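Participant: Below is the file run_1.cif, which contains mmCIF, C-alpha atoms and all ligand atoms.
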```cif
data_target
#
loop_
_atom_site.label_atom_id
_atom_site.label_comp_id
_atom_site.auth_asym_id
_atom_site.auth_seq_id
_atom_site.Cartn_x
_atom_site.Cartn_y
_atom_site.Cartn_z
CA MET A 111 -9.83 33.29 2.70
CA SER A 112 -11.56 31.32 -0.04
CA TYR A 113 -10.48 28.86 -2.68
CA GLN A 114 -10.49 31.70 -5.20
CA THR A 115 -7.93 33.62 -3.17
CA ALA A 116 -5.78 30.51 -2.86
CA ARG A 117 -6.06 29.97 -6.61
CA GLU A 118 -4.74 33.50 -7.22
CA THR A 119 -1.96 33.13 -4.66
CA TYR A 120 -0.75 29.98 -6.39
CA ALA A 121 -1.20 31.45 -9.88
CA ALA A 122 1.21 34.24 -8.93
CA LEU A 123 3.80 31.49 -8.34
CA GLY A 124 3.03 29.81 -11.65
CA VAL A 125 0.95 27.02 -10.10
CA ASP A 126 -2.42 26.04 -11.57
CA THR A 127 -4.64 24.80 -8.73
CA GLU A 128 -7.28 23.51 -11.17
CA ALA A 129 -4.69 21.31 -12.87
CA ALA A 130 -3.56 20.06 -9.44
CA LEU A 131 -7.13 19.19 -8.45
CA GLN A 132 -7.65 17.28 -11.68
CA ARG A 133 -4.42 15.39 -11.21
CA LEU A 134 -5.26 14.54 -7.63
CA SER A 135 -8.68 13.25 -8.69
CA ALA A 136 -6.97 11.00 -11.22
CA THR A 137 -4.62 9.42 -8.64
CA PRO A 138 -6.09 6.39 -6.87
CA ILE A 139 -4.87 5.11 -3.52
CA SER A 140 -5.19 1.39 -2.83
CA LEU A 141 -6.68 0.94 0.64
CA HIS A 142 -5.42 -2.17 2.39
CA CYS A 143 -8.25 -4.44 3.52
CA TRP A 144 -6.20 -5.63 6.48
CA GLN A 145 -6.51 -2.41 8.48
CA GLY A 146 -10.18 -3.36 9.00
CA ASP A 147 -9.66 -6.51 11.04
CA ASP A 148 -6.06 -6.53 12.27
CA VAL A 149 -4.79 -8.69 9.39
CA GLY A 150 -7.22 -11.41 10.48
CA GLY A 151 -8.83 -12.53 7.24
CA PHE A 152 -11.70 -14.98 7.04
CA GLU A 153 -10.08 -18.35 6.71
CA LYS A 154 -10.37 -18.91 10.45
CA THR A 155 -7.66 -21.54 10.59
CA GLY A 156 -7.30 -20.71 14.26
CA GLY A 157 -3.61 -20.09 13.72
CA GLU A 158 -1.44 -17.20 14.84
CA LEU A 159 -0.89 -14.19 12.59
CA GLY A 160 2.82 -15.04 12.49
CA GLY A 161 5.21 -13.93 9.80
CA GLY A 162 6.70 -11.44 12.24
CA LEU A 163 3.62 -9.25 11.89
CA ALA A 164 2.15 -7.76 15.06
CA VAL A 165 -1.01 -5.74 15.49
CA THR A 166 -1.38 -3.96 18.81
CA GLY A 167 -4.51 -2.49 20.40
CA ASN A 168 -8.01 -3.77 21.11
CA TYR A 169 -10.31 -0.96 20.08
CA PRO A 170 -13.87 -2.32 19.94
CA GLY A 171 -15.76 -2.86 16.70
CA LYS A 172 -13.38 -4.94 14.57
CA ALA A 173 -14.98 -6.40 11.42
CA ARG A 174 -15.75 -10.09 12.02
CA THR A 175 -17.19 -11.06 8.67
CA ILE A 176 -16.75 -10.15 5.03
CA ALA A 177 -20.04 -8.24 5.14
CA GLU A 178 -18.84 -6.18 8.11
CA LEU A 179 -15.49 -5.46 6.46
CA ARG A 180 -17.23 -4.29 3.29
CA ALA A 181 -19.59 -2.06 5.27
CA ASP A 182 -16.60 -0.52 7.07
CA LEU A 183 -14.78 0.02 3.79
CA GLU A 184 -17.85 1.67 2.29
CA GLN A 185 -17.93 4.04 5.25
CA ALA A 186 -14.23 4.83 4.84
CA TYR A 187 -14.52 5.47 1.09
CA ALA A 188 -17.47 7.79 1.77
CA LEU A 189 -15.17 10.03 3.82
CA ILE A 190 -12.25 10.08 1.38
CA PRO A 191 -12.38 12.34 -1.69
CA GLY A 192 -11.95 10.66 -5.08
CA LYS A 193 -12.19 7.15 -6.57
CA HIS A 194 -9.81 4.65 -5.04
CA ARG A 195 -8.92 0.97 -4.98
CA LEU A 196 -8.95 -1.96 -2.57
CA ASN A 197 -5.90 -4.07 -1.82
CA LEU A 198 -6.97 -7.60 -0.85
CA HIS A 199 -4.97 -10.38 0.76
CA ALA A 200 -5.58 -13.98 -0.23
CA CYS A 201 -6.62 -14.82 3.37
CA TYR A 202 -9.74 -12.69 2.78
CA ALA A 203 -11.19 -15.33 0.43
CA ASP A 204 -14.94 -15.84 0.48
CA PHE A 205 -15.56 -19.52 1.21
CA GLY A 206 -19.34 -19.23 0.81
CA GLY A 207 -19.18 -21.84 -1.96
CA GLY A 208 -16.69 -24.17 -0.24
CA ARG A 209 -13.28 -24.00 1.41
CA ALA A 210 -9.94 -24.43 -0.29
CA ASP A 211 -6.37 -24.41 0.96
CA ARG A 212 -4.06 -21.67 -0.23
CA ASP A 213 -2.59 -23.70 -3.08
CA ALA A 214 -6.04 -24.36 -4.51
CA LEU A 215 -7.61 -20.89 -4.37
CA THR A 216 -9.46 -19.83 -7.51
CA THR A 217 -11.25 -16.75 -8.76
CA ALA A 218 -14.50 -18.28 -7.48
CA HIS A 219 -13.27 -17.58 -3.94
CA PHE A 220 -12.94 -13.89 -4.79
CA GLN A 221 -15.88 -13.45 -7.14
CA SER A 222 -18.01 -11.81 -4.45
CA TRP A 223 -15.18 -9.30 -3.85
CA ILE A 224 -14.90 -8.62 -7.57
CA ASP A 225 -18.66 -8.11 -7.84
CA TRP A 226 -18.65 -5.83 -4.82
CA ALA A 227 -15.69 -3.85 -6.21
CA LYS A 228 -17.44 -3.51 -9.56
CA SER A 229 -20.63 -2.22 -7.97
CA HIS A 230 -18.59 0.45 -6.15
CA GLY A 231 -16.35 1.36 -9.08
CA LEU A 232 -13.21 0.18 -7.27
CA GLY A 233 -10.14 -1.39 -8.82
CA LEU A 234 -8.60 -4.33 -6.94
CA ASP A 235 -5.04 -5.18 -6.01
CA PHE A 236 -3.99 -8.49 -4.54
CA ASN A 237 -1.46 -10.31 -2.35
CA PRO A 238 -0.69 -13.97 -1.79
CA THR A 239 -0.73 -14.64 1.98
CA TYR A 240 2.52 -16.26 3.10
CA PHE A 241 1.71 -16.21 6.83
CA ALA A 242 -1.03 -17.27 9.27
CA HIS A 243 -0.96 -20.84 7.98
CA PRO A 244 0.30 -24.13 9.45
CA LYS A 245 2.74 -24.54 6.53
CA ALA A 246 4.30 -21.17 7.47
CA ASP A 247 4.61 -21.93 11.18
CA ASP A 248 8.40 -22.05 11.07
CA GLY A 249 8.48 -18.70 9.29
CA LEU A 250 9.66 -20.19 6.01
CA THR A 251 7.68 -20.35 2.76
CA LEU A 252 9.23 -19.83 -0.69
CA THR A 253 12.73 -20.46 0.73
CA HIS A 254 11.73 -23.58 2.65
CA PRO A 255 14.36 -26.34 2.45
CA ASP A 256 11.54 -28.89 2.18
CA ALA A 257 10.61 -29.08 -1.50
CA GLY A 258 7.05 -30.15 -0.66
CA ILE A 259 6.34 -27.11 1.49
CA ARG A 260 8.11 -24.82 -0.94
CA GLY A 261 6.05 -26.29 -3.77
CA PHE A 262 2.84 -25.66 -1.85
CA TRP A 263 3.74 -21.97 -1.57
CA VAL A 264 4.76 -21.79 -5.22
CA GLU A 265 1.31 -23.12 -6.13
CA HIS A 266 -0.22 -20.45 -3.88
CA GLY A 267 1.70 -17.77 -5.74
CA LYS A 268 0.60 -19.11 -9.12
CA ALA A 269 -3.02 -19.32 -7.99
CA CYS A 270 -2.92 -15.73 -6.77
CA ARG A 271 -1.57 -14.42 -10.06
CA ARG A 272 -4.39 -16.13 -11.94
CA ILE A 273 -6.92 -14.65 -9.53
CA GLY A 274 -5.29 -11.22 -9.80
CA ALA A 275 -5.45 -11.43 -13.60
CA ASP A 276 -9.16 -12.29 -13.45
CA MET A 277 -9.76 -9.36 -11.12
CA GLY A 278 -8.02 -7.05 -13.55
CA ARG A 279 -9.84 -8.49 -16.57
CA GLN A 280 -13.27 -8.27 -14.95
CA LEU A 281 -12.76 -4.78 -13.58
CA GLY A 282 -10.94 -3.36 -16.60
CA THR A 283 -7.98 -2.08 -14.60
CA ALA A 284 -4.72 -3.91 -13.98
CA THR A 285 -4.42 -5.64 -10.63
CA VAL A 286 -1.03 -5.39 -8.94
CA THR A 287 -0.28 -8.67 -7.15
CA ASN A 288 2.47 -8.15 -4.60
CA VAL A 289 4.64 -10.91 -3.18
CA TRP A 290 5.90 -10.46 0.33
CA ILE A 291 7.24 -13.41 2.34
CA PRO A 292 8.41 -13.46 5.96
CA ASP A 293 11.32 -15.87 5.41
CA GLY A 294 14.38 -15.15 7.45
CA SER A 295 16.22 -16.07 10.58
CA LYS A 296 16.21 -14.91 14.18
CA ASP A 297 19.87 -15.59 14.72
CA LEU A 298 22.92 -15.46 12.51
CA PRO A 299 22.65 -18.01 9.70
CA VAL A 300 25.72 -19.71 8.37
CA ASP A 301 24.19 -20.18 4.96
CA ARG A 302 22.79 -16.94 3.60
CA LYS A 303 23.09 -18.10 0.02
CA SER A 304 20.89 -21.17 -0.34
CA PRO A 305 17.63 -19.57 0.86
CA ARG A 306 18.11 -16.77 -1.66
CA GLU A 307 18.80 -19.25 -4.45
CA ARG A 308 15.65 -21.14 -3.52
CA LEU A 309 13.70 -17.89 -3.40
CA GLU A 310 14.78 -16.93 -6.88
CA ALA A 311 13.83 -20.37 -8.22
CA SER A 312 10.44 -20.21 -6.47
CA LEU A 313 9.71 -16.76 -7.88
CA ASP A 314 10.76 -17.83 -11.36
CA ALA A 315 8.31 -20.74 -11.13
CA ILE A 316 5.52 -18.46 -9.89
CA PHE A 317 6.09 -15.87 -12.61
CA ALA A 318 6.64 -18.37 -15.43
CA GLU A 319 3.15 -17.98 -16.84
CA GLU A 320 2.95 -14.85 -19.01
CA ILE A 321 0.02 -12.58 -18.16
CA ASP A 322 -1.09 -9.55 -20.15
CA PRO A 323 0.11 -6.45 -18.26
CA ALA A 324 -3.12 -4.72 -19.27
CA TYR A 325 -4.79 -6.86 -16.59
CA HIS A 326 -2.09 -7.85 -14.20
CA LEU A 327 1.24 -6.65 -12.83
CA ASP A 328 3.67 -8.44 -10.50
CA ALA A 329 5.45 -6.72 -7.62
CA VAL A 330 8.01 -7.97 -5.10
CA GLU A 331 8.43 -6.42 -1.64
CA SER A 332 11.65 -6.37 0.34
CA LYS A 333 12.19 -5.95 4.06
CA LEU A 334 15.07 -5.19 6.37
CA PHE A 335 14.01 -7.33 9.33
CA GLY A 336 10.95 -8.67 11.14
CA ILE A 337 10.07 -10.05 14.53
CA GLY A 338 11.82 -13.42 14.46
CA SER A 339 13.89 -12.51 11.39
CA GLU A 340 16.13 -9.93 13.01
CA SER A 341 19.43 -11.31 11.74
CA TYR A 342 18.58 -12.28 8.20
CA VAL A 343 15.78 -11.72 5.71
CA ALA A 344 16.07 -13.67 2.47
CA GLY A 345 14.01 -11.12 0.53
CA SER A 346 16.20 -8.14 1.29
CA HIS A 347 16.31 -4.84 -0.58
CA GLU A 348 19.26 -5.86 -2.72
CA PHE A 349 17.73 -9.25 -3.47
CA TYR A 350 14.43 -7.94 -4.74
CA LEU A 351 15.78 -4.87 -6.46
CA GLY A 352 18.06 -7.19 -8.40
CA TYR A 353 15.19 -9.57 -9.07
CA ALA A 354 12.89 -6.80 -10.26
CA ILE A 355 15.50 -5.32 -12.59
CA LYS A 356 16.41 -8.70 -14.04
CA ASN A 357 12.82 -9.85 -14.49
CA ARG A 358 11.08 -6.54 -15.22
CA THR A 359 8.65 -6.83 -12.32
CA LEU A 360 7.50 -3.96 -10.17
CA TYR A 361 9.50 -3.24 -7.06
CA CYS A 362 7.49 -2.56 -3.90
CA LEU A 363 8.89 0.00 -1.48
CA ASP A 364 7.36 -0.12 2.01
CA ALA A 365 8.12 2.99 4.06
CA GLY A 366 8.73 0.84 7.16
CA HIS A 367 11.16 -1.58 5.56
CA TYR A 368 14.47 0.28 5.69
CA HIS A 369 16.80 1.54 8.37
CA PRO A 370 14.97 4.05 10.60
CA THR A 371 16.87 7.08 9.28
CA GLU A 372 16.42 6.05 5.65
CA ASN A 373 13.36 7.20 3.80
CA LEU A 374 11.73 6.33 0.52
CA ALA A 375 12.00 9.75 -1.13
CA ASP A 376 15.60 9.40 -2.25
CA LYS A 377 15.04 5.90 -3.59
CA ILE A 378 12.40 6.79 -6.18
CA THR A 379 14.59 8.22 -8.94
CA SER A 380 17.19 5.49 -8.50
CA VAL A 381 14.74 2.62 -8.57
CA LEU A 382 12.63 4.00 -11.42
CA GLN A 383 15.73 4.44 -13.51
CA PHE A 384 15.98 0.64 -13.67
CA VAL A 385 12.53 -0.89 -13.09
CA PRO A 386 9.45 -0.12 -15.19
CA GLU A 387 7.05 0.69 -12.36
CA ILE A 388 6.91 0.71 -8.59
CA LEU A 389 4.38 -0.13 -5.92
CA LEU A 390 4.40 1.87 -2.71
CA HIS A 391 3.34 0.70 0.72
CA VAL A 392 2.89 4.07 2.34
CA SER A 393 3.31 3.47 6.05
CA ARG A 394 4.92 4.90 9.17
CA GLY A 395 7.46 3.07 11.23
CA VAL A 396 8.02 4.32 14.76
CA ARG A 397 11.47 3.09 15.86
CA TRP A 398 10.80 -0.12 13.92
CA ASP A 399 8.47 -1.45 11.24
CA SER A 400 5.54 -0.66 13.52
CA ASP A 401 2.96 0.09 10.80
CA HIS A 402 1.48 3.21 12.40
CA VAL A 403 -1.16 5.27 10.58
CA VAL A 404 0.31 7.48 7.84
CA LEU A 405 0.83 11.10 8.88
CA LEU A 406 1.19 14.27 6.90
CA ASP A 407 4.82 14.25 7.94
CA ASP A 408 8.14 15.06 6.29
CA PRO A 409 8.88 11.54 4.98
CA THR A 410 5.44 11.31 3.36
CA THR A 411 5.50 14.78 1.82
CA ALA A 412 9.08 14.25 0.57
CA LEU A 413 8.01 10.96 -1.02
CA MET A 414 5.09 12.57 -2.85
CA GLN A 415 7.30 15.46 -3.96
CA GLU A 416 9.63 13.00 -5.63
CA LEU A 417 6.75 11.29 -7.45
CA VAL A 418 5.39 14.59 -8.72
CA ARG A 419 8.70 16.32 -9.47
CA GLY A 420 9.93 13.33 -11.44
CA ASP A 421 6.58 12.96 -13.24
CA PHE A 422 6.45 9.38 -11.96
CA LEU A 423 2.77 9.08 -11.04
CA GLY A 424 2.06 7.14 -14.24
CA ARG A 425 4.63 4.52 -13.20
CA THR A 426 3.69 4.39 -9.52
CA HIS A 427 0.96 2.40 -7.79
CA ILE A 428 0.22 3.89 -4.40
CA GLY A 429 -0.95 1.54 -1.70
CA LEU A 430 -1.15 1.84 2.07
CA ASP A 431 0.17 -0.62 4.60
CA TYR A 432 -0.42 -0.15 8.30
CA PHE A 433 -2.48 -1.76 10.99
CA ASP A 434 -3.57 0.10 14.08
CA ALA A 435 -6.07 -1.59 16.40
CA SER A 436 -5.76 1.03 19.14
CA ILE A 437 -8.06 3.55 17.43
CA ASN A 438 -11.27 3.31 15.44
CA ARG A 439 -10.17 1.14 12.51
CA VAL A 440 -12.33 2.94 9.96
CA GLY A 441 -10.90 6.21 11.25
CA ALA A 442 -7.40 4.81 10.73
CA TRP A 443 -8.17 4.21 7.05
CA VAL A 444 -9.65 7.68 6.64
CA ILE A 445 -6.84 9.52 8.43
CA GLY A 446 -4.05 7.69 6.63
CA THR A 447 -5.64 7.95 3.19
CA ARG A 448 -6.56 11.60 3.59
CA ASN A 449 -2.99 12.32 4.73
CA THR A 450 -1.56 10.51 1.73
CA LEU A 451 -3.80 12.56 -0.57
CA LYS A 452 -2.93 15.79 1.23
CA ALA A 453 0.78 15.08 0.80
CA LEU A 454 0.17 14.41 -2.89
CA LEU A 455 -1.79 17.63 -3.29
CA MET A 456 0.91 19.65 -1.54
CA ALA A 457 3.44 18.20 -3.96
CA MET A 458 1.20 19.03 -6.92
CA LEU A 459 0.92 22.62 -5.67
CA GLU A 460 4.64 23.13 -5.31
CA PRO A 461 6.04 26.03 -7.38
CA THR A 462 8.42 23.52 -8.93
CA ALA A 463 9.13 25.44 -12.14
CA MET A 464 10.31 28.45 -10.16
CA LEU A 465 12.37 26.25 -7.83
CA ARG A 466 14.00 24.48 -10.75
CA GLU A 467 14.97 27.78 -12.34
CA MET A 468 16.57 28.94 -9.12
CA GLU A 469 18.43 25.69 -8.77
CA ALA A 470 19.63 25.74 -12.38
CA SER A 471 20.88 29.30 -12.08
CA GLY A 472 22.73 28.53 -8.87
CA ASP A 473 20.40 30.60 -6.67
CA LEU A 474 20.45 28.14 -3.79
CA THR A 475 19.44 30.83 -1.28
CA GLY A 476 16.30 31.56 -3.29
CA ARG A 477 15.59 27.83 -3.59
CA LEU A 478 15.77 27.31 0.18
CA ALA A 479 13.72 30.45 0.89
CA LEU A 480 10.93 29.49 -1.52
CA LEU A 481 10.87 25.86 -0.37
CA GLU A 482 10.38 27.05 3.19
CA ASP A 483 7.84 29.77 2.35
CA ALA A 484 5.89 27.29 0.24
CA LYS A 485 5.07 25.42 3.43
CA ALA A 486 2.81 28.30 4.47
CA LEU A 487 0.92 28.55 1.17
CA PRO A 488 -2.85 28.02 1.48
CA TRP A 489 -2.91 24.40 0.27
CA GLY A 490 -5.52 23.61 2.95
CA LEU A 491 -8.07 25.73 1.06
CA VAL A 492 -7.37 23.77 -2.11
CA TRP A 493 -7.78 20.53 -0.16
CA ASP A 494 -11.12 21.72 1.21
CA GLU A 495 -12.21 22.53 -2.33
CA HIS A 496 -11.18 19.02 -3.42
CA CYS A 497 -13.34 17.51 -0.65
CA ARG A 498 -16.26 19.79 -1.57
CA ARG A 499 -16.09 18.84 -5.24
CA HIS A 500 -16.03 15.16 -4.36
CA ASP A 501 -18.92 15.59 -1.99
CA VAL A 502 -17.14 14.39 1.15
CA PRO A 503 -16.97 16.24 4.48
CA VAL A 504 -14.64 19.24 4.56
CA GLY A 505 -12.02 19.75 7.30
CA SER A 506 -12.64 17.58 10.36
CA ALA A 507 -16.37 17.30 9.66
CA TRP A 508 -15.82 13.65 8.64
CA LEU A 509 -15.22 12.83 12.30
CA ALA A 510 -18.92 13.40 13.11
CA ASP A 511 -19.86 10.86 10.42
CA LEU A 512 -17.34 8.40 11.83
CA ARG A 513 -18.77 8.82 15.34
CA SER A 514 -22.32 8.20 14.09
CA TYR A 515 -21.13 5.04 12.31
CA GLU A 516 -19.34 3.93 15.45
CA ALA A 517 -22.47 4.41 17.58
CA ALA A 518 -24.83 2.84 15.05
CA VAL A 519 -22.67 -0.05 13.81
CA LEU A 520 -19.27 -0.66 15.42
CA ALA A 521 -20.39 -0.37 19.04
CA LYS A 522 -22.96 -3.13 18.45
CA ARG A 523 -20.29 -5.67 17.50
CA ALA A 524 -19.86 -7.08 20.97
C1 LIG A 601 5.08 -7.01 5.94
C2 LIG A 601 4.81 -6.34 4.65
C3 LIG A 601 3.53 -6.75 3.98
C4 LIG A 601 2.37 -6.91 4.94
C5 LIG A 601 1.05 -7.16 4.28
C6 LIG A 601 0.01 -7.57 5.26
O1 LIG A 601 6.17 -6.51 6.58
O2 LIG A 601 4.84 -4.95 4.82
O3 LIG A 601 3.23 -5.84 2.97
O4 LIG A 601 2.25 -5.79 5.77
O5 LIG A 601 1.22 -8.06 3.27
ZN ZN A 602 4.22 -3.73 3.15
#
```
Could you render the structure as structure tokens?
Ligand code: RNT
Ligand code: ZN

Facilitator:
Amino acid sequence: MSYQTARETYAALGVDTEAALQRLSATPISLHCWQGDDVGGFEKTGGELGGGLAVTGNYPGKARTIAELRADLEQAYALIPGKHRLNLHACYADFGGGRADRDALTTAHFQSWIDWAKSHGLGLDFNPTYFAHPKADDGLTLTHPDAGIRGFWVEHGKACRRIGADMGRQLGTATVTNVWIPDGSKDLPVDRKSPRERLEASLDAIFAEEIDPAYHLDAVESKLFGIGSESYVAGSHEFYLGYAIKNRTLYCLDAGHYHPTENLADKITSVLQFVPEILLHVSRGVRWDSDHVVLLDDPTTALMQELVRGDFLGRTHIGLDYFDASINRVGAWVIGTRNTLKALLMAMLEPTAMLREMEASGDLTGRLALLEDAKALPWGLVWDEHCRRHDVPVGSAWLADLRSYEAAVLAKRA
């Protein structure tokens, strides 16, 4: 069966595969830099990762320098169809021209990243780093009861927004800067209120400076629990959803940050009814917020269906967030990104108009039958065509390229 046959099969269901391919090509995914080196970064403070984050596995070949991380990213992008973005964390600063602590970071520390992104046609997204730092050793940052420490982290947030805005301005595409903090408590706190009041005040101070949304957008990311914050997380779902609605920021939904039987798909229409735009951290939790590589699984396909059915792609920024050190790290990027794109394509190829008609006319049997039969439609042929048109390996052929890169480059990083 060829792409042409698939095109005709879909056309008979009222689906235009050419339109889907164009739409897919126009949808960037923001690859997270931190998959490349186990959320290490290049500050080399010698501290623990902390923040309740845990990366497991010791597959050889981890990027040890900025140059190595960029080379690995270039290899990953070469195996992923389409033009995408890079999501950087502040702890990936380039200190070639001199070190600075987190509160004193400037665009100069990220200029080499901006230049590199420009030369590869990549947009950048950004994150302040509220972990892996001596001032975050007790797991508290923007909620810290000590005004000095809290102030330090507020300054970090302000610095990151200015850097994010410069990234967006220089690259001509808005940078989303996403705030996630680990703050919470291992055991039952008596005072759940004060940390949240301090968090709101800290965020207000960080966001006080107006920045043109053409260059820069703010997002806030909630979480249910973390290692060491099992009983209480200040930045909970309700907290940040309220904050985002009140302050018109983006709300970031991480697929691993809710109860294990909850998934993101049903949240999209509710959240987008009240906030202007969302940021996604597409991820896979296994029993907990384990940050496994994204699969082409039901939660991911359901999520993409919601984005496409609701016509929400223009208000959604899709990023990835996982860290697996037990497999080839470049392969982890490629597998997770390709799966995210496949799920998007499947959603774009859904015979939604027909399904909607059935639903509206009360033909729920027909709706269920078509939804199930649609799973067997030849979307894989359309995906292969997408890869072909973007000049990246078709099917599993990318694995041979990955293996050559591993032998030639990764294996030599002893
Ligand atoms: C942590 C959050 C956050 C981080 C990154 C590294 O639970 O998901 O997004 O994974 O900032
Ligand atoms: Zn996340």

Participant: How many Å lie between CA of Tyr202 (chain A) and CA of Gly151 (chain A), rounded to one decimal?

Facilitator: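 Rounded to one decimal, the two atoms are 4.6 Å apart.
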
Participant: Within 7 Å of region 484-499 of chain A, counting all atoms listed in the file, which residues qualify if same-chain residues fewer than 2 places away don't, as a PDB file with C-alpha atoms, in the coordinates of the input?

Facilitator:
```pdb
ATOM      1  CA  SER A 112     -11.560  31.320  -0.040  1.00  0.00           C
ATOM      2  CA  TYR A 113     -10.480  28.860  -2.680  1.00  0.00           C
ATOM      3  CA  ALA A 116      -5.780  30.510  -2.860  1.00  0.00           C
ATOM      4  CA  LEU A 131      -7.130  19.190  -8.450  1.00  0.00           C
ATOM      5  CA  PRO A 191     -12.380  12.340  -1.690  1.00  0.00           C
ATOM      6  CA  LYS A 452      -2.930  15.790   1.230  1.00  0.00           C
ATOM      7  CA  MET A 456       0.910  19.650  -1.540  1.00  0.00           C
ATOM      8  CA  LEU A 480      10.930  29.490  -1.520  1.00  0.00           C
ATOM      9  CA  LEU A 481      10.870  25.860  -0.370  1.00  0.00           C
ATOM     10  CA  GLU A 482      10.380  27.050   3.190  1.00  0.00           C
ATOM     11  CA  ASP A 501     -18.920  15.590  -1.990  1.00  0.00           C
ATOM     12  CA  VAL A 502     -17.140  14.390   1.150  1.00  0.00           C
ATOM     13  CA  PRO A 503     -16.970  16.240   4.480  1.00  0.00           C
ATOM     14  CA  VAL A 504     -14.640  19.240   4.560  1.00  0.00           C
ATOM     15  CA  GLY A 505     -12.020  19.750   7.300  1.00  0.00           C
TER      16      GLY A 505
END
```

Participant: Go ahead and find all residues with at least one atom no further than 9 Å from (10.7, -19.3, -2.8) in the file's coordinates, using all atoms listed in the file; report them as a list in words.

Facilitator: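 Checked against the point, the hits come out as Leu250, Thr251, Leu252, Thr253, His254, Arg260, Gly261, Trp263, Val264, Ile291, Asp293, Pro305, Arg306, Glu307, Arg308, Leu309, Glu310, Ala311, Ser312, Leu313, Asp314, Ala315 and Ile316 of chain A.
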
Participant: Kindly provide, as a list in words, all nucleotide and amino acid residues lying within 10 Å of ligand ZN 602 (chain A), counting all atoms listed in the file.

Facilitator: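 Using all atoms listed in the file, I find these residues within 10 Å of ligand ZN 602 (chain A): His142, Asn288, Val289, Trp290, Glu331, Ser332, Lys333, Cys362, Leu363, Asp364, Ala365, Gly366, His367, Leu389, Leu390, His391, Val392, Ser393, Asp399, Asp401, Gly429, Leu430, Asp431 and Tyr432 of chain A.
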
Participant: Taking all atoms listed in the file into account, which of A:Thr410, A:Ser135, A:Ser229, A:Asn197 comes nearest ligand LIG 601 (chain A)?

Facilitator: A:Asn197

Participant: Write out as a list in words each polymer residue whose atoms come within 9 Å of Glu460 (chain A), counting all atoms listed in the file; drop sequence neighbours fewer than 4 positions from it.

Facilitator: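 Within the cut-off, the hits are Tyr120, Leu123, Val125, Gln415, Arg419, Leu455, Met456, Leu465, Leu481 and Ala484 of chain A.
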
Participant: Save the residues we just selected, C-alpha atoms, as a compact mmCIF listing (two decimals), in the coordinates of the input?

Facilitator:
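Result file follows (out_21.txt):
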```txt
# COMPACT_ATOMS: atom_id res chain seq x y z
CA TYR A 120 -0.75 29.98 -6.39
CA LEU A 123 3.80 31.49 -8.34
CA VAL A 125 0.95 27.02 -10.10
CA GLN A 415 7.30 15.46 -3.96
CA ARG A 419 8.70 16.32 -9.47
CA LEU A 455 -1.79 17.63 -3.29
CA MET A 456 0.91 19.65 -1.54
CA LEU A 465 12.37 26.25 -7.83
CA LEU A 481 10.87 25.86 -0.37
CA ALA A 484 5.89 27.29 0.24
```

Participant: If you measure from CA of Glu184 (chain A) to CA of Pro138 (chain A), what distance in Å do you get, rounded to one decimal?

Facilitator: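 Here the two named atoms are 15.6 Å from each other.
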
Participant: May I have the centre and edge lengths, in Å to one decimal, of an axis-aligned box around the listed atoms of ligand LIG 601 (chain A) with 4 Å added to every side, as lines of an AutoDock Vina configuration file?

Facilitator:
```
center_x = 3.1
center_y = -6.5
center_z = 4.8
size_x = 14.2
size_y = 11.1
size_z = 11.6
```

Participant: Would you write out, as CSV, a table of all residues in region 266-354 of chain A that have an atom no more than 7 Å from an atom of region 233-239 of chain A, listing for each the closest atom pair and the distance in Å to one decimal, considering all atoms listed in the file and ordering rows by chain and rising residue number?

Facilitator:
```
residue,atom,partner,partner_atom,distance
A:His266,CA,A:Pro238,CA,6.8
A:Gly267,CA,A:Pro238,CA,6.0
A:Cys270,CA,A:Pro238,CA,5.7
A:Gly274,CA,A:Phe236,CA,6.1
A:Met277,CA,A:Leu234,CA,6.6
A:Leu281,CA,A:Gly233,CA,6.4
A:Thr283,CA,A:Gly233,CA,6.2
A:Thr285,CA,A:Asp235,CA,4.7
A:Val286,CA,A:Asp235,CA,5.0
A:Thr287,CA,A:Phe236,CA,4.5
A:Asn288,CA,A:Asn237,CA,5.0
A:Val289,CA,A:Asn237,CA,6.2
```

Participant: Give me, please, the distance in Å between CA of Gln280 (chain A) and CA of Ala173 (chain A), quoted to one decimal.

Facilitator: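 CA of Gln280 (chain A) sits 26.5 Å away from CA of Ala173 (chain A).
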
Participant: Pick the closest to Ala129 (chain A) from A:Phe335, A:Ala186, A:Lys522, A:Arg117: which is it, counting only C-alpha atoms?

Facilitator: A:Arg117

Participant: Write out as a VMD selection string the residues lying within 9 Å of Ala214 (chain A), counting all atoms listed in the file and excluding same-chain residues fewer than 2 positions away.

Facilitator: chain A and resid 210 to 212 216 265 to 266 269

Participant: Could you write out the selected residues, including C-alpha atoms, as a short mmCIF file (atom, residue, chain, number, x, y, z; two decimals), in the frame of the given file?

Facilitator:
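Just written: selection-v5.cif:
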```
data_model
loop_
_atom_site.label_atom_id
_atom_site.label_comp_id
_atom_site.auth_asym_id
_atom_site.auth_seq_id
_atom_site.Cartn_x
_atom_site.Cartn_y
_atom_site.Cartn_z
CA ALA A 210 -9.94 -24.43 -0.29
CA ASP A 211 -6.37 -24.41 0.96
CA ARG A 212 -4.06 -21.67 -0.23
CA THR A 216 -9.46 -19.83 -7.51
CA GLU A 265 1.31 -23.12 -6.13
CA HIS A 266 -0.22 -20.45 -3.88
CA ALA A 269 -3.02 -19.32 -7.99
#
```

Participant: Closest to ligand LIG 601 (chain A) among A:Asp408, A:Asp147, A:Asp248, A:Glu118, using only C-alpha atoms and all ligand atoms?

Facilitator: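 The answer is A:Asp147, which sits nearest to ligand LIG 601 (chain A).
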